[in-house]
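Quick look at protein16.txt (compact mmCIF, C-alpha atoms):
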# COMPACT_ATOMS: atom_id res chain seq x y z
CA MET C 14 65.54 -6.71 63.96
CA SER C 15 66.20 -10.12 65.39
CA SER C 16 64.20 -11.68 68.19
CA GLY C 17 67.25 -11.47 70.44
CA GLN C 18 67.32 -7.70 70.45
CA THR C 19 66.25 -5.82 73.51
CA LEU C 20 63.64 -3.09 73.28
CA ALA C 21 66.35 -0.46 73.57
CA GLN C 22 68.26 -2.01 70.67
CA MET C 23 65.08 -2.14 68.57
CA ASN C 24 64.51 1.58 69.16
CA LEU C 25 68.14 2.38 68.28
CA THR C 26 67.86 0.37 65.06
CA CYS C 27 64.63 2.09 64.07
CA MET C 28 66.07 5.48 64.97
CA TRP C 29 69.02 4.81 62.68
CA LEU C 30 66.73 3.71 59.83
CA GLU C 31 64.46 6.69 60.42
CA ALA C 32 67.44 9.04 60.16
CA ILE C 33 68.39 7.49 56.81
CA LEU C 34 64.85 7.76 55.45
CA TYR C 35 64.58 11.31 56.73
CA GLY C 36 67.72 12.18 54.76
CA VAL C 37 66.06 10.71 51.66
CA ASN C 38 62.93 12.77 52.39
CA CYS C 39 65.03 15.93 52.67
CA THR C 40 66.30 15.35 49.14
CA LEU C 41 62.85 14.46 47.81
CA PHE C 42 61.23 17.44 49.50
CA SER C 43 63.81 19.86 48.09
CA SER C 44 63.26 18.41 44.62
CA CYS C 45 59.49 18.71 44.96
CA VAL C 46 59.61 22.31 46.13
CA HIS C 47 61.83 23.13 43.16
CA ARG C 48 59.47 21.28 40.79
CA ILE C 49 56.40 23.05 42.14
CA SER C 50 58.14 26.43 42.00
CA ILE C 51 59.25 26.20 38.37
CA GLY C 52 56.43 24.03 37.04
CA ARG C 53 53.56 25.99 38.60
CA PRO C 54 51.11 23.07 38.57
CA THR C 55 47.41 23.49 39.23
CA HIS C 56 46.66 23.75 42.97
CA ARG C 57 50.27 24.80 43.46
CA ARG C 58 49.71 26.32 46.90
CA LEU C 59 47.78 23.33 48.18
CA LEU C 60 50.43 20.90 46.99
CA LEU C 61 53.19 22.98 48.52
CA PHE C 62 51.33 23.26 51.83
CA ALA C 63 50.52 19.53 51.96
CA THR C 64 54.06 18.38 51.27
CA SER C 65 55.54 20.99 53.61
CA PHE C 66 53.13 20.02 56.39
CA GLN C 67 54.00 16.33 56.15
CA PHE C 68 57.72 17.07 55.96
CA ALA C 69 57.46 19.31 59.04
CA LEU C 70 55.73 16.51 60.96
CA ALA C 71 58.43 14.06 59.88
CA THR C 72 61.05 16.52 61.12
CA VAL C 73 59.32 16.91 64.48
CA HIS C 74 59.13 13.14 64.85
CA VAL C 75 62.86 12.75 64.19
CA ILE C 76 63.63 15.38 66.84
CA LEU C 77 61.35 13.68 69.40
CA THR C 78 62.94 10.31 68.64
CA PHE C 79 66.42 11.66 69.34
CA VAL C 80 65.24 13.43 72.51
CA GLN C 81 63.72 10.20 73.81
CA ALA C 82 66.92 8.30 72.99
CA MET C 83 69.01 10.88 74.86
CA ILE C 84 66.82 10.48 77.93
CA ALA C 85 66.88 6.68 77.70
CA PHE C 86 70.66 6.40 77.46
CA THR C 87 72.00 9.46 79.33
CA ASP C 88 69.62 9.97 82.24
CA THR C 89 71.54 8.99 85.41
CA THR C 90 68.52 7.42 87.10
CA ILE C 91 67.71 5.27 84.08
CA ALA C 92 71.36 4.37 83.51
CA ALA C 93 71.71 3.19 87.12
CA THR C 94 68.87 0.70 86.63
CA PRO C 95 69.74 -2.68 85.06
CA ASP C 96 68.48 -2.66 81.49
CA GLY C 97 67.08 0.78 82.29
CA ALA C 98 66.84 1.96 78.67
CA SER C 99 64.61 -0.95 77.71
CA LEU C 100 62.45 -0.42 80.78
CA TYR C 101 62.14 3.27 79.89
CA TYR C 102 60.97 2.45 76.36
CA ALA C 103 58.59 -0.20 77.70
CA THR C 104 56.94 2.30 80.06
CA THR C 105 54.66 3.92 77.53
CA GLY C 106 51.95 5.06 79.95
CA GLY C 107 52.55 8.62 81.09
CA ASN C 108 55.58 8.98 78.78
CA TYR C 109 54.62 12.23 77.11
CA ILE C 110 57.45 12.17 74.59
CA PHE C 111 56.29 8.74 73.45
CA LEU C 112 52.70 10.01 73.34
CA ALA C 113 53.78 13.05 71.30
CA ARG C 114 55.57 10.81 68.81
CA GLN C 115 52.49 8.62 68.40
CA SER C 116 50.31 11.70 67.92
CA VAL C 117 52.63 13.08 65.23
CA TYR C 118 52.49 9.71 63.47
CA VAL C 119 48.69 9.69 63.53
CA VAL C 120 48.41 13.25 62.18
CA ASN C 121 50.95 12.51 59.43
CA SER C 122 49.11 9.34 58.40
CA VAL C 123 45.69 10.96 58.17
CA ALA C 124 47.19 13.92 56.28
CA GLN C 125 48.71 11.54 53.73
CA GLU C 126 45.35 9.78 53.34
CA LEU C 127 43.46 13.05 52.94
CA LEU C 128 45.90 14.12 50.23
CA LEU C 129 45.32 10.78 48.50
CA ILE C 130 41.54 11.25 48.64
CA TRP C 131 41.91 14.78 47.25
CA ARG C 132 43.94 13.34 44.37
CA LEU C 133 41.10 10.86 43.72
CA TYR C 134 38.63 13.76 43.65
CA ILE C 135 40.73 15.68 41.12
CA ILE C 136 41.45 12.64 38.92
CA TRP C 137 37.74 11.82 38.74
CA ASN C 138 36.99 15.31 37.43
CA HIS C 139 35.76 16.72 40.76
CA ASN C 140 33.23 13.93 41.21
CA PHE C 141 32.49 13.99 44.94
CA LYS C 142 30.45 10.76 44.86
CA VAL C 143 33.54 8.59 44.42
CA CYS C 144 35.03 10.19 47.55
CA ILE C 145 32.13 9.48 49.92
CA LEU C 146 33.20 5.96 50.94
CA PRO C 147 36.90 6.89 51.27
CA LEU C 148 35.96 9.89 53.42
CA ILE C 149 33.85 7.67 55.69
CA MET C 150 36.79 5.29 56.09
CA TRP C 151 39.09 8.26 56.67
CA VAL C 152 36.91 9.62 59.48
CA ALA C 153 36.71 6.14 61.03
CA HIS C 154 40.49 5.80 60.84
CA CYS C 155 40.96 9.23 62.44
CA ALA C 156 38.68 8.23 65.31
CA ALA C 157 40.28 4.82 65.86
CA ALA C 158 43.88 6.05 65.63
CA SER C 159 43.25 9.09 67.84
CA THR C 160 41.52 6.96 70.46
CA ALA C 161 44.38 4.45 70.44
CA ALA C 162 46.91 7.24 70.97
CA ALA C 163 44.83 8.78 73.77
CA LEU C 164 44.61 5.43 75.56
CA LEU C 165 48.39 5.56 76.07
CA ALA C 166 48.22 8.80 78.08
CA PRO C 167 47.41 7.35 81.56
CA LYS C 168 50.40 6.26 83.63
CA ASN C 169 49.12 2.69 83.92
CA ALA C 170 48.54 2.36 80.16
CA THR C 171 50.19 -0.46 78.22
CA LEU C 172 50.56 -1.37 74.57
CA PHE C 173 49.07 -4.80 75.19
CA SER C 174 45.79 -3.80 76.81
CA HIS C 175 42.80 -5.24 74.98
CA THR C 176 41.19 -1.86 74.47
CA PHE C 177 44.29 -0.31 72.93
CA GLN C 178 44.88 -3.31 70.70
CA ALA C 179 41.28 -3.24 69.43
CA PHE C 180 41.56 0.41 68.36
CA ALA C 181 45.09 -0.07 67.00
CA PHE C 182 44.01 -3.05 64.89
CA SER C 183 41.00 -1.13 63.62
CA GLY C 184 43.12 1.90 62.74
CA TRP C 185 45.75 -0.05 60.83
CA SER C 186 43.11 -2.13 59.03
CA LEU C 187 41.26 0.98 57.88
CA GLU C 188 44.54 2.58 56.80
CA MET C 189 45.46 -0.39 54.62
CA VAL C 190 42.00 -0.68 53.05
CA LEU C 191 41.80 3.06 52.43
CA ASN C 192 45.19 3.27 50.73
CA VAL C 193 44.49 0.25 48.53
CA THR C 194 40.97 1.27 47.44
CA VAL C 195 41.76 4.93 46.74
CA THR C 196 44.93 4.08 44.84
CA ALA C 197 42.99 1.50 42.83
CA GLY C 198 40.31 4.11 42.05
CA ILE C 199 42.91 6.57 40.79
CA VAL C 200 44.69 3.97 38.68
CA TYR C 201 41.42 2.68 37.23
CA HIS C 202 40.31 6.10 36.03
CA ILE C 203 43.71 6.88 34.47
CA TRP C 204 43.71 3.45 32.82
CA GLN C 205 40.22 4.05 31.43
CA THR C 206 41.35 7.41 30.09
CA GLY C 207 44.45 5.87 28.55
CA ARG C 208 42.47 3.17 26.76
CA ARG C 209 41.28 5.81 24.29
CA ALA C 210 44.83 6.77 23.34
CA PRO C 211 46.20 3.61 21.65
CA SER C 212 43.85 3.91 18.66
CA LEU C 213 45.45 7.28 17.89
CA THR C 214 49.00 6.88 19.14
CA GLY C 215 49.57 3.12 19.01
CA ARG C 216 50.67 2.93 22.63
CA PHE C 217 49.40 3.34 26.17
CA ARG C 218 50.37 6.84 27.24
CA TYR C 219 49.94 6.72 31.02
CA LYS C 220 52.05 3.73 32.01
CA ASN C 221 54.57 5.93 33.87
CA THR C 222 51.81 7.72 35.76
CA ILE C 223 50.16 4.48 36.84
CA MET C 224 53.44 2.88 37.87
CA ALA C 225 54.38 5.90 39.99
CA ILE C 226 51.04 5.86 41.82
CA VAL C 227 50.99 2.07 42.32
CA GLU C 228 54.56 1.91 43.60
CA SER C 229 54.07 4.79 46.02
CA GLY C 230 50.78 3.37 47.28
CA ALA C 231 52.26 -0.11 47.67
CA LEU C 232 55.12 1.30 49.75
CA ILE C 233 52.97 2.68 52.58
CA THR C 234 50.50 -0.22 52.37
CA ALA C 235 53.26 -2.82 52.70
CA CYS C 236 54.77 -0.95 55.64
CA THR C 237 51.42 -0.77 57.43
CA CYS C 238 50.77 -4.46 56.71
CA VAL C 239 54.11 -5.49 58.25
CA MET C 240 53.45 -3.38 61.36
CA PHE C 241 49.95 -4.82 61.67
CA CYS C 242 51.16 -8.43 61.38
CA LEU C 243 53.94 -7.91 63.92
CA PHE C 244 51.52 -6.38 66.40
CA VAL C 245 48.96 -9.14 65.86
CA VAL C 246 51.50 -11.82 66.84
CA GLY C 247 52.40 -9.83 69.96
CA ASN C 248 55.76 -8.50 68.73
CA VAL C 249 56.45 -5.03 70.11
CA ALA C 250 58.53 -4.33 66.99
CA GLY C 251 55.24 -3.49 65.27
CA THR C 252 54.92 -0.40 67.42
CA VAL C 253 58.60 0.48 67.34
CA ALA C 254 58.49 0.44 63.53
CA ILE C 255 56.27 3.54 63.63
CA ASP C 256 59.54 5.49 63.45
CA ILE C 257 60.04 4.08 59.97
CA ALA C 258 56.38 4.25 58.96
CA ILE C 259 56.08 8.01 59.43
CA GLN C 260 59.00 8.63 57.09
CA ILE C 261 57.51 6.29 54.48
CA ALA C 262 54.13 8.04 54.80
CA THR C 263 55.90 11.33 54.13
CA MET C 264 57.85 9.80 51.25
CA THR C 265 54.78 8.40 49.47
CA PRO C 266 53.47 11.62 47.86
CA LEU C 267 56.99 12.99 47.37
CA LEU C 268 57.98 9.99 45.25
CA ILE C 269 55.19 10.74 42.78
CA PHE C 270 56.69 14.17 42.15
CA VAL C 271 60.15 12.71 41.61
CA ARG C 272 58.92 9.91 39.35
CA ALA C 273 57.04 12.49 37.30
CA ASP C 274 60.29 14.33 36.63
CA LEU C 275 62.14 11.27 35.30
CA GLY C 276 62.98 11.77 31.66
CA ARG C 277 62.23 15.48 31.73
CA SER C 278 65.80 16.73 31.67
CA HIS C 279 65.36 17.84 28.06
CA SER C 280 61.92 19.39 28.52
CA LYS C 281 61.31 22.99 27.60
CA PRO C 282 58.52 25.47 28.37
CA GLU C 283 55.48 25.28 26.18
CA SER C 284 53.88 28.29 27.84
CA PRO C 285 54.53 30.21 31.09
CA GLY C 286 54.59 27.72 33.93
CA ARG C 287 53.93 24.67 31.72
CA TYR C 288 56.33 22.01 30.46
CA LEU C 289 56.05 19.69 27.53
CA LEU C 290 58.21 16.70 26.68
CA PRO C 291 59.68 16.68 23.15
CA ARG C 292 57.60 13.63 22.21
CA SER C 293 54.37 14.81 23.85
CA ARG C 294 51.33 15.32 21.67
CA SER C 295 47.85 16.60 22.42
CA LEU C 296 44.95 14.31 21.70
CA ASP C 297 41.47 15.40 20.65
CA ILE C 298 38.97 12.84 21.87
CA ASN C 299 35.20 13.15 21.69
CA VAL C 300 33.63 12.05 24.97
CA VAL C 301 30.55 13.03 26.87
CA ARG C 302 32.50 14.02 29.98
CA SER C 303 33.96 17.42 30.74
CA GLN C 304 37.45 18.35 29.62
CA ILE C 305 40.40 17.25 31.69
CA THR C 306 44.15 17.12 31.49
CA VAL C 307 46.04 14.07 32.65
CA GLY C 308 49.82 14.21 32.78
CA ASP C 309 52.63 12.11 34.11
CA TYR C 310 52.62 14.64 36.90
CA ALA C 311 49.99 12.45 38.51
CA MET C 312 48.58 15.01 40.91
CA ASP C 313 48.22 17.68 38.22
CA VAL C 314 44.91 16.86 36.57
CA ILE C 315 43.68 20.12 35.12
CA PRO C 316 40.08 20.80 34.11
CA LYS C 317 40.03 22.50 30.71
CA GLY C 318 36.40 23.53 30.73
CA LYS C 319 33.02 21.95 30.23
CA GLY C 320 31.22 20.58 27.25
CA ALA C 321 30.68 17.51 25.14
CA ASP C 322 34.06 17.64 23.44
CA CYS C 323 37.08 16.66 25.48
CA HIS C 324 40.69 17.53 24.80
CA LEU C 325 42.97 15.08 26.56
CA TYR C 326 46.44 16.53 26.90
CA SER C 327 49.43 14.48 27.92
CA THR C 328 52.54 15.98 29.44
CA GLY C 329 54.14 12.65 30.17
CA GLY C 330 56.74 10.42 28.73
CA SER C 331 56.76 7.17 26.94
CA GLY C 332 54.51 4.29 27.87
Let me see whether you can do it: turn the structure in this file into structure tokens.
Amino acid sequence: MSSGQTLAQMNLTCMWLEAILYGVNCTLFSSCVHRISIGRPTHRRLLLFATSFQFALATVHVILTFVQAMIAFTDTTIAATPDGASLYYATTGGNYIFLARQSVYVVNSVAQELLLIWRLYIIWNHNFKVCILPLIMWVAHCAAASTAAALLAPKNATLFSHTFQAFAFSGWSLEMVLNVTVTAGIVYHIWQTGRRAPSLTGRFRYKNTIMAIVESGALITACTCVMFCLFVVGNVAGTVAIDIAIQIATMTPLLIFVRADLGRSHSKPESPGRYLLPRSRSLDINVVRSQITVGDYAMDVIPKGKGADCHLYSTGGSG
């Protein structure tokens, strides 16, 4: 969006991009539902609920965006005012459709972060200690983002009030830090697990898993960073870009499912509800930790029991 665009043009551009990304999410969501249905991963119901909940919020946001655009460009009172559409979009205080869109964005973002923290908990073999700091940051982000959204409710509210900016900056900062640290924690544990494999297989087995998680995490982090920087320099495009950010937040966990399915076209059932690649092998590794399963399906880390001996099973493709 160029600096010469009006606020109305910025919103139209973002609405168009949001519609494209929503179409991508429709495809990804359908693929994920199919994958969960036939693959029957561990925590199947939770995964299905989480992805469905985020997709529903993304759908609601798209509807609200189109409703707001219809009001901005078809309302006779607004149309009779010079540059009325831009003035309508600029009047955020008391605009309940705008407030609803911001609220949906906040809920979607915190849901995506909570799902990420849950993935960290599962990857670290249900070790709650590693989740304490991320949960504290998550609660702080919930409070800051919710407060920022609530500050826009009064009719005299503005995006450039010092109070709103302080909470908005805090919320986006916490979101970036949380996504980076939790993703790094997940990748580190998978990398540590994979370090045991080369001595037996001659290659690193979890490269695809790590790449899928890093790429998905970098997507939402980069989007949040761009919005934060735009808002810091006083560019209203940082707030308008929320239309794009909510679709990317929805896309982040869905991409992991899709990446996990790459190269599985020739897979066949190993047992009811489980799939094994032709080149997959099970590894018997003696460690002091409890037994876990790590697959290229990055969110499907399955405890296999407790004890001193650990069987590390891989369901995922080539490194």
Which residue of C:Ala163, C:Met224, C:Val190, C:Val120 approaches Ile149 (chain C) most closely, using all atoms listed in the file
C:Val190
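Using all atoms listed in the file for every distance, the candidate list C:Asn221, C:Asn138, C:Gln115, C:Thr87 yields C:Gln115 as the residue closest to Ala71 (chain C).
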Within 10 Å of (45.5, 12.2, 80.2), in the coordinates the file gives, what residues turn up when you count only C-alpha atoms, written out as a JSON list (two decimals) with C-alpha atoms, in the frame of the given file?
[["chain", "number", "residue", "atom", "x", "y", "z"],
["C", 106, "GLY", "CA", 51.95, 5.06, 79.95],
["C", 107, "GLY", "CA", 52.55, 8.62, 81.09],
["C", 109, "TYR", "CA", 54.62, 12.23, 77.11],
["C", 163, "ALA", "CA", 44.83, 8.78, 73.77],
["C", 164, "LEU", "CA", 44.61, 5.43, 75.56],
["C", 165, "LEU", "CA", 48.39, 5.56, 76.07],
["C", 166, "ALA", "CA", 48.22, 8.80, 78.08],
["C", 167, "PRO", "CA", 47.41, 7.35, 81.56],
["C", 168, "LYS", "CA", 50.40, 6.26, 83.63]]
Which of C:Ala181, C:Ile136, C:Cys27, C:Ala82 sits closest to Phe244 (chain C) [using only C-alpha atoms]
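Closest residue, counting only C-alpha atoms: C:Ala181.
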CA of Phe182 (chain C) and CA of Asn169 (chain C) are how many Å apart?
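Computing the Euclidean distance for CA of Phe182 (chain C) and CA of Asn169 (chain C) yields 20.5 Å.
Candidate residues C:Leu146, C:Leu268, C:Leu243, C:Leu60 were compared for distance to Gly198 (chain C), and the nearest is C:Leu146, using all atoms listed in the file.
Between CA of Asp256 (chain C) and CA of Ile233 (chain C) the interatomic distance comes to 13.0 Å.
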Choose the residue, out of C:Ser99, C:Thr194, C:Ser116, C:Asn140, that has the smallest atom-to-atom separation from Val249 (chain C); count all atoms listed in the file.
C:Ser99
